[in-house]
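K.L.:
Take a look at this one; I'll ask things after.
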Amino acid sequence: MKESQPSAIYLKDYKVPPFLIDKTELTFDLDEATTVVTSRLHMRRNPLDGKSNAPLILDGGEDVKLIGVAMDGYALPPEEYQLVDDKLIITATADSFILTCETLIEPQNNTRLEGLYRSSSMFCTQCEAEGFRHITYYLDRPDVMSVFTTTIIADEARYPVMLSNGNEIERAKTDEGKTVVVWHDPFPKPAYLFALVAGDLAVKNDLFTTQSGRDVKLQIFTESHNIDKVDYAMEALKRSMRWDEEKYGREYDLDIFMIVAVDDFNMGAMENKGLNVFNSSCLLASPKTTTDDAFLRVEAVVAHEYFHNWSGNRVTCRDWFQLSLKEGFTVFRDQSFSADMHSATVKRVEDVSFLKTAQFAEDAGPMAHPVRPSSFIEISNFYTLTVYEKGSEIVRMIHTLLGEELFRKGSDLYFERHDGQAVTCDDFVAAMQDASGIDLTLFKRWYSQAGTPIVTVEDTYLPEEQRYLLTIKQETPATPGQPTKLPLHIPIRVGLLNEQGQEIQAQYQGEHSTDVTLLLTEAEQTFEFTQVSSKPVPSLLRSFSAPVKLRYNYTADQLLLLMSADSDGFNRWSAAQQLAVNELTQLIEQASSGQPLAIESQLVAGLRSLLADESLDPAMVALILALPSQAYLSELAETIDPLAIRKARQFLKVTIANALSEQFAQTYQNNIITSDYQPSAQDIARRSLKSMALSYWSETSDDKVKAAIAEQFANADNMTDQFGALSIAVHSAHPDAASMLNAFYEQWKNEPLVVNKWLMLSASQDADDALAVVEGLMAHPSFDLKNPNKVRSVLGGFGQNVAGFHKEDGSGYRFLADQIIVLNKRNPQLASRLCTPLTRWKKLKPELSVKMKAELERILAEDLSKDVYEVVSKSLV
Ligand code: B3K
Ligand code: ZN
């Protein structure tokens, strides 16, 4: 352990920057051995700071070597500046001056993938949140916005493509024969949006004409062998640009928009101004190599990064505590876009299912934090599901409270008021409130209070008076650093069904409606419906109108009714999930206490009629058929017994499969598509139902199913079907599973993104020697520790390997901890993310809990990066 541990910084300590940088001129002399960066910063004291003698403190990194620094042309001797803790401090400065810095960096040795680094044969950058300081000394904070001009010097033979933000304004040759390219971005931006790319890249060109008639050049760059896989992303980009104009009135601003795919990247993609950089897994797509899910992800990520041009770049964050200002809003925007492009209900179910599984777990764990955190040690640890997904739910609730029209007025006001500024979540809410006239004072607590509220509903029906009362209570459990909680402003959308499943036109607050939004603002409130002609079944929290845990004692019959008849598609899924959770909870208890498993499943009857109803969207049928995941059931459990959960799920799956064997076989046949592959909503829906049916069918003793799996694997013309069959084969212990896995690798060994799928599936397979399998994968020629996608594939796959990861001797946990220790120095961001499964130790059953905790303690004893230190130390509290 280090002698002094990293300390936290606090939102309450925010101060305006003492200096501003009006113009930033950068020159990169790129080379394989060392890269020289020269910066000319046009600086002045910030008039808002008020102090006239504050020293200039520039952020740097341990990997940046300062060669020289000058002020207005005067080279500073060493006694006139200091280098302390990676900061460059200059005590005496004028009120305005030009600071010139020359620094030396080694991108080829940058394994952290922050700042400037090499991926395959190219140079690329990642500067959010604090990567720019690993390039040169700077005021690396989002409220310092500057106009950038970037000069790139490199050997044209190896780096014919040289890109940065904005427009290319000059191209020339140096005396040594190198090429010089100059880029200028007229929009002031913080350093985190800076980007540079240089390499031998192929390009796909296109054009988009904006609503005002301006032509924008669109370019996607990849290594040449991948350029045939960008058509889908290009179309998605054009759809996003059009959608943002139509839905939000936002037009693109520069004359060129570029995207570059890189293989080594810590996350999905980055919205650098005019030059987005993407993890190739979120950009490349072709029917033969890409599954339906991945197609949809490409579309969503392209949209998300594009939408940031307004929600993030034109209006950015004042400080990193406000991260959700841009991320929550942009996730809401990309979710709405995908909903409009495909099925809104399917999209909502998928998003909520993810939120309830992963964000709820985060919000109940040691890293729980408000959507606007009040402190952090390392900001990279706060690119979380809470900031992104719960942040999006907050924006969605504002949308629900205001309605479509006023929400649009609010967003127009927000962009108009704050264009070119770095602002706060409060500014966003203020614009929404001012434009709508709706008071959001209480609502703002959602930003500052962590934890998932528990909303408990009780009802009373008074037949003589035809009145129906809903009493709703809310309570938010304590989270680290927040022992007591206040009531939140929670919109709860409700409908009432009669016993035949028809919607009741009840009266609420003087108006008749079949769908009302109740506004819960106190710890407990009673809401009254009148003219209710029969005892209703309430459909609560329609479309998941708030990110809460809902408690209402539904009977199985009520859930079956909602599942088959609710007009809210989301709640049909939700009812099925609840029914499955209820049955699984009984089974988990039986499994945990060593009893034989037995259940009178009522879900079976519901699923039987579901499969028989041809009017339904096949994608919804598939989602309803999907049993609650291992991860979701773990989130719900008070104490997690991983093997009991797995056993219970498997038992219920086999029970359903045997009861409905013929229906599954039939559904499988009915959904085979004979036409060419299309990633259309319709075809994706049919493939998902087909795959779900095959997965159940594979659990039966019907001898035809094994042949069907093998046939689908061998003859599929697309990755969704091929990989779908392979996964089912592997997880149902198909006799040919091993040879299919081998054949799959041989077929695709030259397609790294497909190999990643193979790595993940291989790591997740149930085997007595699961750990040895995973160790073998990490020694496999296709594995590369530098590549985060590969690390995540293997370790993520192993995390899903219930028996292997949770082995009673603790060997699975030890193995993961070993990898975290190795990666801690090489790539702290990646290492820190890998800690997540270990942070759940307190909820595990005691025998496993102690083993997991011991691994966290072992990690903590190492010399840790800030990233890993923060997560591990907070988890052990
Ligand atoms: N804004 C980036 C995330 C950067 C993460 C840095 N550790 C991608 C996105 O959310 O669009
Ligand atoms: Zn984002």
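All residue names refer to the structure tokens as shown: chains lettered A, B, ... in order, residues numbered from 1 in each chain, ligands numbered from 1 in order.
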Running DSSP on the backbone, which parts of stretch 474-707 of chain A land in strand (DSSP E or B), as a PDB file with N, CA and C atoms, in the first residue's frame?
P.N.:
```pdb
ATOM      1  N   GLN A 474     -43.328   6.051   0.016  1.00  0.00           N
ATOM      2  CA  GLN A 474     -41.982   5.958  -0.553  1.00  0.00           C
ATOM      3  C   GLN A 474     -40.943   6.016   0.550  1.00  0.00           C
ATOM      4  N   GLU A 475     -39.862   5.305   0.290  1.00  0.00           N
ATOM      5  CA  GLU A 475     -38.764   5.252   1.253  1.00  0.00           C
ATOM      6  C   GLU A 475     -37.486   4.932   0.478  1.00  0.00           C
ATOM      7  N   THR A 479     -27.558   5.079   1.925  1.00  0.00           N
ATOM      8  CA  THR A 479     -26.424   4.713   1.062  1.00  0.00           C
ATOM      9  C   THR A 479     -25.161   5.305   1.690  1.00  0.00           C
ATOM     10  N   GLN A 482     -24.862   8.892   3.071  1.00  0.00           N
ATOM     11  CA  GLN A 482     -26.206   9.505   3.102  1.00  0.00           C
ATOM     12  C   GLN A 482     -27.136   8.643   3.954  1.00  0.00           C
ATOM     13  N   ILE A 490     -42.112  11.845  -7.445  1.00  0.00           N
ATOM     14  CA  ILE A 490     -42.127  10.627  -8.271  1.00  0.00           C
ATOM     15  C   ILE A 490     -43.405  10.567  -9.114  1.00  0.00           C
ATOM     16  N   PRO A 491     -43.277  10.609 -10.431  1.00  0.00           N
ATOM     17  CA  PRO A 491     -44.459  10.440 -11.280  1.00  0.00           C
ATOM     18  C   PRO A 491     -44.806   8.947 -11.435  1.00  0.00           C
ATOM     19  N   ILE A 492     -46.032   8.590 -11.085  1.00  0.00           N
ATOM     20  CA  ILE A 492     -46.431   7.175 -11.175  1.00  0.00           C
ATOM     21  C   ILE A 492     -47.613   7.048 -12.130  1.00  0.00           C
ATOM     22  N   ARG A 493     -47.342   6.511 -13.288  1.00  0.00           N
ATOM     23  CA  ARG A 493     -48.420   6.343 -14.286  1.00  0.00           C
ATOM     24  C   ARG A 493     -49.226   5.099 -13.952  1.00  0.00           C
ATOM     25  N   VAL A 494     -50.549   5.280 -13.943  1.00  0.00           N
ATOM     26  CA  VAL A 494     -51.428   4.192 -13.502  1.00  0.00           C
ATOM     27  C   VAL A 494     -52.601   4.037 -14.449  1.00  0.00           C
ATOM     28  N   GLY A 495     -53.006   2.793 -14.683  1.00  0.00           N
ATOM     29  CA  GLY A 495     -54.264   2.495 -15.366  1.00  0.00           C
ATOM     30  C   GLY A 495     -55.004   1.466 -14.537  1.00  0.00           C
ATOM     31  N   LEU A 496     -56.304   1.347 -14.750  1.00  0.00           N
ATOM     32  CA  LEU A 496     -57.085   0.360 -13.992  1.00  0.00           C
ATOM     33  C   LEU A 496     -57.760  -0.598 -14.970  1.00  0.00           C
ATOM     34  N   LEU A 497     -57.688  -1.885 -14.649  1.00  0.00           N
ATOM     35  CA  LEU A 497     -58.326  -2.893 -15.501  1.00  0.00           C
ATOM     36  C   LEU A 497     -59.456  -3.560 -14.724  1.00  0.00           C
ATOM     37  N   GLU A 503     -59.904  -1.835 -19.869  1.00  0.00           N
ATOM     38  CA  GLU A 503     -59.513  -0.612 -19.181  1.00  0.00           C
ATOM     39  C   GLU A 503     -60.749   0.050 -18.573  1.00  0.00           C
ATOM     40  N   ALA A 506     -61.984   5.512 -15.262  1.00  0.00           N
ATOM     41  CA  ALA A 506     -62.299   6.062 -13.942  1.00  0.00           C
ATOM     42  C   ALA A 506     -62.139   7.579 -13.966  1.00  0.00           C
ATOM     43  N   GLN A 507     -62.637   8.208 -12.891  1.00  0.00           N
ATOM     44  CA  GLN A 507     -62.461   9.649 -12.794  1.00  0.00           C
ATOM     45  C   GLN A 507     -61.390   9.933 -11.753  1.00  0.00           C
ATOM     46  N   TYR A 508     -60.416  10.756 -12.148  1.00  0.00           N
ATOM     47  CA  TYR A 508     -59.363  11.145 -11.213  1.00  0.00           C
ATOM     48  C   TYR A 508     -59.218  12.657 -11.296  1.00  0.00           C
ATOM     49  N   GLU A 511     -61.387  14.371 -13.871  1.00  0.00           N
ATOM     50  CA  GLU A 511     -61.328  14.040 -15.305  1.00  0.00           C
ATOM     51  C   GLU A 511     -61.363  12.545 -15.523  1.00  0.00           C
ATOM     52  N   HIS A 512     -62.002  12.169 -16.640  1.00  0.00           N
ATOM     53  CA  HIS A 512     -62.044  10.754 -17.000  1.00  0.00           C
ATOM     54  C   HIS A 512     -60.819  10.388 -17.825  1.00  0.00           C
ATOM     55  N   SER A 513     -60.222   9.297 -17.448  1.00  0.00           N
ATOM     56  CA  SER A 513     -59.073   8.859 -18.238  1.00  0.00           C
ATOM     57  C   SER A 513     -58.784   7.389 -17.945  1.00  0.00           C
ATOM     58  N   VAL A 516     -53.532   7.710 -15.908  1.00  0.00           N
ATOM     59  CA  VAL A 516     -53.233   8.973 -15.222  1.00  0.00           C
ATOM     60  C   VAL A 516     -51.830   8.920 -14.616  1.00  0.00           C
ATOM     61  N   THR A 517     -51.269  10.106 -14.417  1.00  0.00           N
ATOM     62  CA  THR A 517     -49.965  10.175 -13.769  1.00  0.00           C
ATOM     63  C   THR A 517     -50.160  10.759 -12.371  1.00  0.00           C
ATOM     64  N   LEU A 518     -49.946   9.924 -11.365  1.00  0.00           N
ATOM     65  CA  LEU A 518     -50.059  10.384  -9.976  1.00  0.00           C
ATOM     66  C   LEU A 518     -48.730  11.015  -9.576  1.00  0.00           C
ATOM     67  N   LEU A 519     -48.803  12.117  -8.862  1.00  0.00           N
ATOM     68  CA  LEU A 519     -47.573  12.792  -8.457  1.00  0.00           C
ATOM     69  C   LEU A 519     -47.332  12.583  -6.974  1.00  0.00           C
ATOM     70  N   LEU A 520     -46.415  11.701  -6.690  1.00  0.00           N
ATOM     71  CA  LEU A 520     -46.082  11.400  -5.298  1.00  0.00           C
ATOM     72  C   LEU A 520     -44.971  12.353  -4.869  1.00  0.00           C
ATOM     73  N   GLU A 524     -45.954   9.619   2.241  1.00  0.00           N
ATOM     74  CA  GLU A 524     -47.150   8.790   2.069  1.00  0.00           C
ATOM     75  C   GLU A 524     -48.302   9.661   1.572  1.00  0.00           C
ATOM     76  N   GLN A 525     -49.012   9.187   0.597  1.00  0.00           N
ATOM     77  CA  GLN A 525     -50.151   9.937   0.049  1.00  0.00           C
ATOM     78  C   GLN A 525     -51.229   8.958  -0.385  1.00  0.00           C
ATOM     79  N   THR A 526     -52.494   9.417  -0.319  1.00  0.00           N
ATOM     80  CA  THR A 526     -53.582   8.582  -0.834  1.00  0.00           C
ATOM     81  C   THR A 526     -54.209   9.271  -2.039  1.00  0.00           C
ATOM     82  N   PHE A 527     -54.397   8.517  -3.090  1.00  0.00           N
ATOM     83  CA  PHE A 527     -54.973   9.044  -4.330  1.00  0.00           C
ATOM     84  C   PHE A 527     -56.328   8.386  -4.536  1.00  0.00           C
ATOM     85  N   GLU A 528     -57.284   9.205  -4.952  1.00  0.00           N
ATOM     86  CA  GLU A 528     -58.655   8.691  -5.028  1.00  0.00           C
ATOM     87  C   GLU A 528     -59.184   8.693  -6.461  1.00  0.00           C
ATOM     88  N   PHE A 529     -59.724   7.551  -6.863  1.00  0.00           N
ATOM     89  CA  PHE A 529     -60.418   7.435  -8.152  1.00  0.00           C
ATOM     90  C   PHE A 529     -61.900   7.271  -7.848  1.00  0.00           C
ATOM     91  N   THR A 530     -62.754   7.922  -8.635  1.00  0.00           N
ATOM     92  CA  THR A 530     -64.202   7.755  -8.441  1.00  0.00           C
ATOM     93  C   THR A 530     -64.818   7.181  -9.709  1.00  0.00           C
ATOM     94  N   VAL A 537     -57.980  -4.131 -11.135  1.00  0.00           N
ATOM     95  CA  VAL A 537     -56.599  -4.586 -11.001  1.00  0.00           C
ATOM     96  C   VAL A 537     -55.747  -3.396 -11.453  1.00  0.00           C
ATOM     97  N   PRO A 538     -54.920  -2.858 -10.543  1.00  0.00           N
ATOM     98  CA  PRO A 538     -54.166  -1.668 -10.953  1.00  0.00           C
ATOM     99  C   PRO A 538     -52.949  -2.036 -11.820  1.00  0.00           C
ATOM    100  N   SER A 539     -52.785  -1.293 -12.888  1.00  0.00           N
ATOM    101  CA  SER A 539     -51.558  -1.419 -13.696  1.00  0.00           C
ATOM    102  C   SER A 539     -50.672  -0.250 -13.265  1.00  0.00           C
ATOM    103  N   LEU A 540     -49.669  -0.566 -12.451  1.00  0.00           N
ATOM    104  CA  LEU A 540     -48.893   0.485 -11.770  1.00  0.00           C
ATOM    105  C   LEU A 540     -47.554   0.752 -12.455  1.00  0.00           C
ATOM    106  N   LYS A 549     -38.308   0.867  -6.987  1.00  0.00           N
ATOM    107  CA  LYS A 549     -38.701  -0.529  -6.768  1.00  0.00           C
ATOM    108  C   LYS A 549     -40.146  -0.521  -6.309  1.00  0.00           C
ATOM    109  N   LEU A 550     -40.998  -1.115  -7.089  1.00  0.00           N
ATOM    110  CA  LEU A 550     -42.430  -1.090  -6.788  1.00  0.00           C
ATOM    111  C   LEU A 550     -42.817  -2.316  -5.970  1.00  0.00           C
ATOM    112  N   ARG A 551     -43.563  -2.077  -4.905  1.00  0.00           N
ATOM    113  CA  ARG A 551     -44.080  -3.216  -4.120  1.00  0.00           C
ATOM    114  C   ARG A 551     -45.600  -3.135  -4.079  1.00  0.00           C
ATOM    115  N   ILE A 640     -26.985 -13.650  -1.647  1.00  0.00           N
ATOM    116  CA  ILE A 640     -26.856 -14.325  -2.951  1.00  0.00           C
ATOM    117  C   ILE A 640     -26.236 -15.712  -2.789  1.00  0.00           C
TER     118      ILE A 640
END
```
K.L.:
Give one line per residue of chain A that approaches ligand 1 to at most 8 Å, naming the two atoms of the closest pair and their distance in Å to one decimal, counting only C-alpha atoms and all ligand atoms; sort by chain then ascending residue number and deliver it as a tab-separated table.
P.N.:
```
residue	atom	partner	partner_atom_place_in_ligand_line	distance
A:Gln126	CA	ligand 1	6 (C)	7.7
A:Cys127	CA	ligand 1	6 (C)	7.5
A:Glu128	CA	ligand 1	6 (C)	4.7
A:Ala129	CA	ligand 1	6 (C)	5.2
A:Asn266	CA	ligand 1	7 (N)	7.4
A:Met267	CA	ligand 1	5 (C)	6.5
A:Gly268	CA	ligand 1	8 (C)	6.5
A:Ala269	CA	ligand 1	8 (C)	5.1
A:Met270	CA	ligand 1	8 (C)	4.4
A:Glu271	CA	ligand 1	11 (O)	5.7
A:Val301	CA	ligand 1	11 (O)	7.6
A:His304	CA	ligand 1	11 (O)	6.2
A:Glu305	CA	ligand 1	11 (O)	5.2
A:His308	CA	ligand 1	11 (O)	7.1
A:Glu327	CA	ligand 1	10 (O)	5.9
A:Thr330	CA	ligand 1	11 (O)	8.0
A:Ile379	CA	ligand 1	7 (N)	7.7
A:Ser380	CA	ligand 1	7 (N)	4.7
A:Asn381	CA	ligand 1	7 (N)	7.6
A:Tyr383	CA	ligand 1	5 (C)	6.1
A:Tyr388	CA	ligand 1	10 (O)	7.8
A:Gln829	CA	ligand 1	7 (N)	7.3
```
K.L.:
Got time to write the residues from that selection, N, CA, C and O atoms, as an mmCIF file, in the first residue's frame?
P.N.:
```cif
data_model
loop_
_atom_site.group_PDB
_atom_site.id
_atom_site.type_symbol
_atom_site.label_atom_id
_atom_site.label_comp_id
_atom_site.auth_asym_id
_atom_site.auth_seq_id
_atom_site.Cartn_x
_atom_site.Cartn_y
_atom_site.Cartn_z
ATOM 1 N N GLN A 126 -7.627 9.848 -26.656
ATOM 2 C CA GLN A 126 -8.825 9.810 -25.821
ATOM 3 C C GLN A 126 -8.579 10.788 -24.683
ATOM 4 O O GLN A 126 -7.715 10.563 -23.831
ATOM 5 N N CYS A 127 -9.315 11.886 -24.666
ATOM 6 C CA CYS A 127 -9.025 12.931 -23.680
ATOM 7 C C CYS A 127 -10.055 13.058 -22.562
ATOM 8 O O CYS A 127 -9.743 13.634 -21.517
ATOM 9 N N GLU A 128 -11.270 12.586 -22.759
ATOM 10 C CA GLU A 128 -12.222 12.664 -21.647
ATOM 11 C C GLU A 128 -11.893 11.570 -20.639
ATOM 12 O O GLU A 128 -11.668 10.432 -21.062
ATOM 13 N N ALA A 129 -11.930 11.870 -19.373
ATOM 14 C CA ALA A 129 -12.165 13.162 -18.785
ATOM 15 C C ALA A 129 -10.865 13.974 -18.678
ATOM 16 O O ALA A 129 -10.825 15.155 -18.999
ATOM 17 N N ASN A 266 -10.889 2.188 -24.431
ATOM 18 C CA ASN A 266 -11.379 1.806 -23.101
ATOM 19 C C ASN A 266 -12.885 1.722 -22.990
ATOM 20 O O ASN A 266 -13.405 1.047 -22.117
ATOM 21 N N MET A 267 -13.610 2.506 -23.811
ATOM 22 C CA MET A 267 -15.073 2.375 -23.700
ATOM 23 C C MET A 267 -15.687 2.284 -25.085
ATOM 24 O O MET A 267 -15.053 1.776 -26.003
ATOM 25 N N GLY A 268 -16.927 2.733 -25.237
ATOM 26 C CA GLY A 268 -17.628 2.546 -26.511
ATOM 27 C C GLY A 268 -17.184 3.508 -27.595
ATOM 28 O O GLY A 268 -16.839 3.101 -28.702
ATOM 29 N N ALA A 269 -17.206 4.799 -27.282
ATOM 30 C CA ALA A 269 -16.892 5.801 -28.295
ATOM 31 C C ALA A 269 -16.753 7.158 -27.621
ATOM 32 O O ALA A 269 -17.037 7.297 -26.428
ATOM 33 N N MET A 270 -16.305 8.148 -28.409
ATOM 34 C CA MET A 270 -16.058 9.467 -27.829
ATOM 35 C C MET A 270 -16.472 10.566 -28.803
ATOM 36 O O MET A 270 -16.137 10.540 -29.978
ATOM 37 N N GLU A 271 -17.159 11.544 -28.242
ATOM 38 C CA GLU A 271 -17.833 12.565 -29.048
ATOM 39 C C GLU A 271 -16.973 13.774 -29.401
ATOM 40 O O GLU A 271 -17.514 14.868 -29.594
ATOM 41 N N VAL A 301 -25.029 3.867 -30.520
ATOM 42 C CA VAL A 301 -23.808 4.589 -30.129
ATOM 43 C C VAL A 301 -23.498 5.694 -31.142
ATOM 44 O O VAL A 301 -23.123 6.811 -30.758
ATOM 45 N N HIS A 304 -25.830 8.364 -30.165
ATOM 46 C CA HIS A 304 -25.439 8.970 -28.884
ATOM 47 C C HIS A 304 -24.289 9.972 -29.084
ATOM 48 O O HIS A 304 -24.375 11.123 -28.638
ATOM 49 N N GLU A 305 -23.247 9.539 -29.780
ATOM 50 C CA GLU A 305 -22.087 10.437 -29.945
ATOM 51 C C GLU A 305 -22.468 11.632 -30.811
ATOM 52 O O GLU A 305 -22.053 12.759 -30.540
ATOM 53 N N HIS A 308 -24.344 14.229 -28.872
ATOM 54 C CA HIS A 308 -23.492 15.013 -27.977
ATOM 55 C C HIS A 308 -23.053 16.334 -28.618
ATOM 56 O O HIS A 308 -22.646 17.253 -27.908
ATOM 57 N N GLU A 327 -24.455 13.407 -20.102
ATOM 58 C CA GLU A 327 -24.638 11.966 -20.338
ATOM 59 C C GLU A 327 -26.079 11.514 -20.118
ATOM 60 O O GLU A 327 -26.623 10.758 -20.921
ATOM 61 N N THR A 330 -28.106 12.877 -22.970
ATOM 62 C CA THR A 330 -27.793 12.250 -24.258
ATOM 63 C C THR A 330 -28.254 10.793 -24.296
ATOM 64 O O THR A 330 -28.717 10.313 -25.335
ATOM 65 N N ILE A 379 -12.300 10.663 -11.384
ATOM 66 C CA ILE A 379 -13.525 10.883 -12.153
ATOM 67 C C ILE A 379 -13.833 9.730 -13.108
ATOM 68 O O ILE A 379 -15.006 9.416 -13.360
ATOM 69 N N SER A 380 -12.799 9.059 -13.596
ATOM 70 C CA SER A 380 -13.070 7.937 -14.526
ATOM 71 C C SER A 380 -13.982 6.885 -13.889
ATOM 72 O O SER A 380 -14.677 6.161 -14.596
ATOM 73 N N ASN A 381 -13.964 6.809 -12.556
ATOM 74 C CA ASN A 381 -14.836 5.833 -11.889
ATOM 75 C C ASN A 381 -16.292 6.265 -11.881
ATOM 76 O O ASN A 381 -17.154 5.511 -11.416
ATOM 77 N N TYR A 383 -18.104 7.329 -14.563
ATOM 78 C CA TYR A 383 -18.841 7.100 -15.826
ATOM 79 C C TYR A 383 -19.680 5.861 -15.596
ATOM 80 O O TYR A 383 -19.408 4.790 -16.105
ATOM 81 N N TYR A 388 -25.254 7.693 -16.132
ATOM 82 C CA TYR A 388 -25.799 7.535 -17.487
ATOM 83 C C TYR A 388 -27.274 7.126 -17.456
ATOM 84 O O TYR A 388 -28.142 7.837 -17.957
ATOM 85 N N GLN A 829 -8.042 2.383 -15.827
ATOM 86 C CA GLN A 829 -9.504 2.479 -16.047
ATOM 87 C C GLN A 829 -10.121 1.104 -16.242
ATOM 88 O O GLN A 829 -11.168 0.787 -15.686
#
```
K.L.:
Write out as a ChimeraX atom specification the residues lying within 10 Å of A:Val315, counting only C-alpha atoms and excluding same-chain residues fewer than 2 positions away.
P.N.:
/A:189,308-313,317-318,325-326,414-424
K.L.:
Which residues, written as a ChimeraX atom specification, have at least one atom at most 12 Å from A:Leu355, with only C-alpha atoms counted and residues fewer than 6 positions away on the same chain left out?
P.N.:
/A:348-349,361-363,384-393,452,544,546-549,631-632,635
K.L.:
For the residues selected in the previous step, produce a file with C-alpha atoms as a PDB file, in the first residue's frame.
P.N.:
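Output saved as again_31.pdb:
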```pdb
ATOM      1  CA  ARG A 348     -38.197   0.391 -23.065  1.00  0.00           C
ATOM      2  CA  VAL A 349     -38.232  -3.175 -21.771  1.00  0.00           C
ATOM      3  CA  ALA A 361     -27.254  -3.101  -7.940  1.00  0.00           C
ATOM      4  CA  GLU A 362     -24.821  -0.184  -8.141  1.00  0.00           C
ATOM      5  CA  ASP A 363     -27.240   2.038  -6.222  1.00  0.00           C
ATOM      6  CA  THR A 384     -21.383   4.889 -14.202  1.00  0.00           C
ATOM      7  CA  LEU A 385     -24.791   3.413 -14.798  1.00  0.00           C
ATOM      8  CA  THR A 386     -26.079   5.865 -12.229  1.00  0.00           C
ATOM      9  CA  VAL A 387     -24.766   8.924 -14.080  1.00  0.00           C
ATOM     10  CA  TYR A 388     -25.799   7.535 -17.487  1.00  0.00           C
ATOM     11  CA  GLU A 389     -28.894   5.377 -17.043  1.00  0.00           C
ATOM     12  CA  LYS A 390     -30.434   6.805 -13.896  1.00  0.00           C
ATOM     13  CA  GLY A 391     -29.475  10.221 -15.281  1.00  0.00           C
ATOM     14  CA  SER A 392     -31.524   9.405 -18.361  1.00  0.00           C
ATOM     15  CA  GLU A 393     -34.451   8.298 -16.180  1.00  0.00           C
ATOM     16  CA  THR A 452     -33.312   3.442  -5.324  1.00  0.00           C
ATOM     17  CA  PHE A 544     -41.668   2.397 -15.792  1.00  0.00           C
ATOM     18  CA  ALA A 546     -39.881   6.350 -12.397  1.00  0.00           C
ATOM     19  CA  PRO A 547     -36.705   4.435 -11.449  1.00  0.00           C
ATOM     20  CA  VAL A 548     -38.107   2.881  -8.283  1.00  0.00           C
ATOM     21  CA  LYS A 549     -38.701  -0.529  -6.768  1.00  0.00           C
ATOM     22  CA  ALA A 631     -27.789 -11.032 -12.338  1.00  0.00           C
ATOM     23  CA  TYR A 632     -31.273  -9.620 -11.732  1.00  0.00           C
ATOM     24  CA  GLU A 635     -29.851  -8.033  -7.252  1.00  0.00           C
TER      25      GLU A 635
END
```
K.L.:
If you run DSSP on the backbone, which residues of stretch 685-869 of chain A are helix (DSSP H, G or I), as a PyMOL selection string?
P.N.:
chain A and resi 685-697+704-715+719-731+737-748+752-764+770-778+788-799+802-805+811-826+828-834+836-843+846-860+866-869
K.L.:
Which is closer to ligand 2 than all the others in A:Ala157, A:Leu636, A:Val147, A:Leu323, using only C-alpha atoms and all ligand atoms?
P.N.:
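Under the stated criterion, the closest residue is A:Leu323.
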K.L.:
Using only C-alpha atoms and all ligand atoms, which of A:Asn110, A:Asn272, A:Thr34, A:Thr476 sits nearest ligand 2?
P.N.:
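Selected residue with least distance to ligand 2: A:Asn272.
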K.L.:
Write out as a count of residues only the residues lying within 8 Å of A:Ile57, counting only C-alpha atoms and excluding same-chain residues fewer than 5 positions away.
P.N.:
5
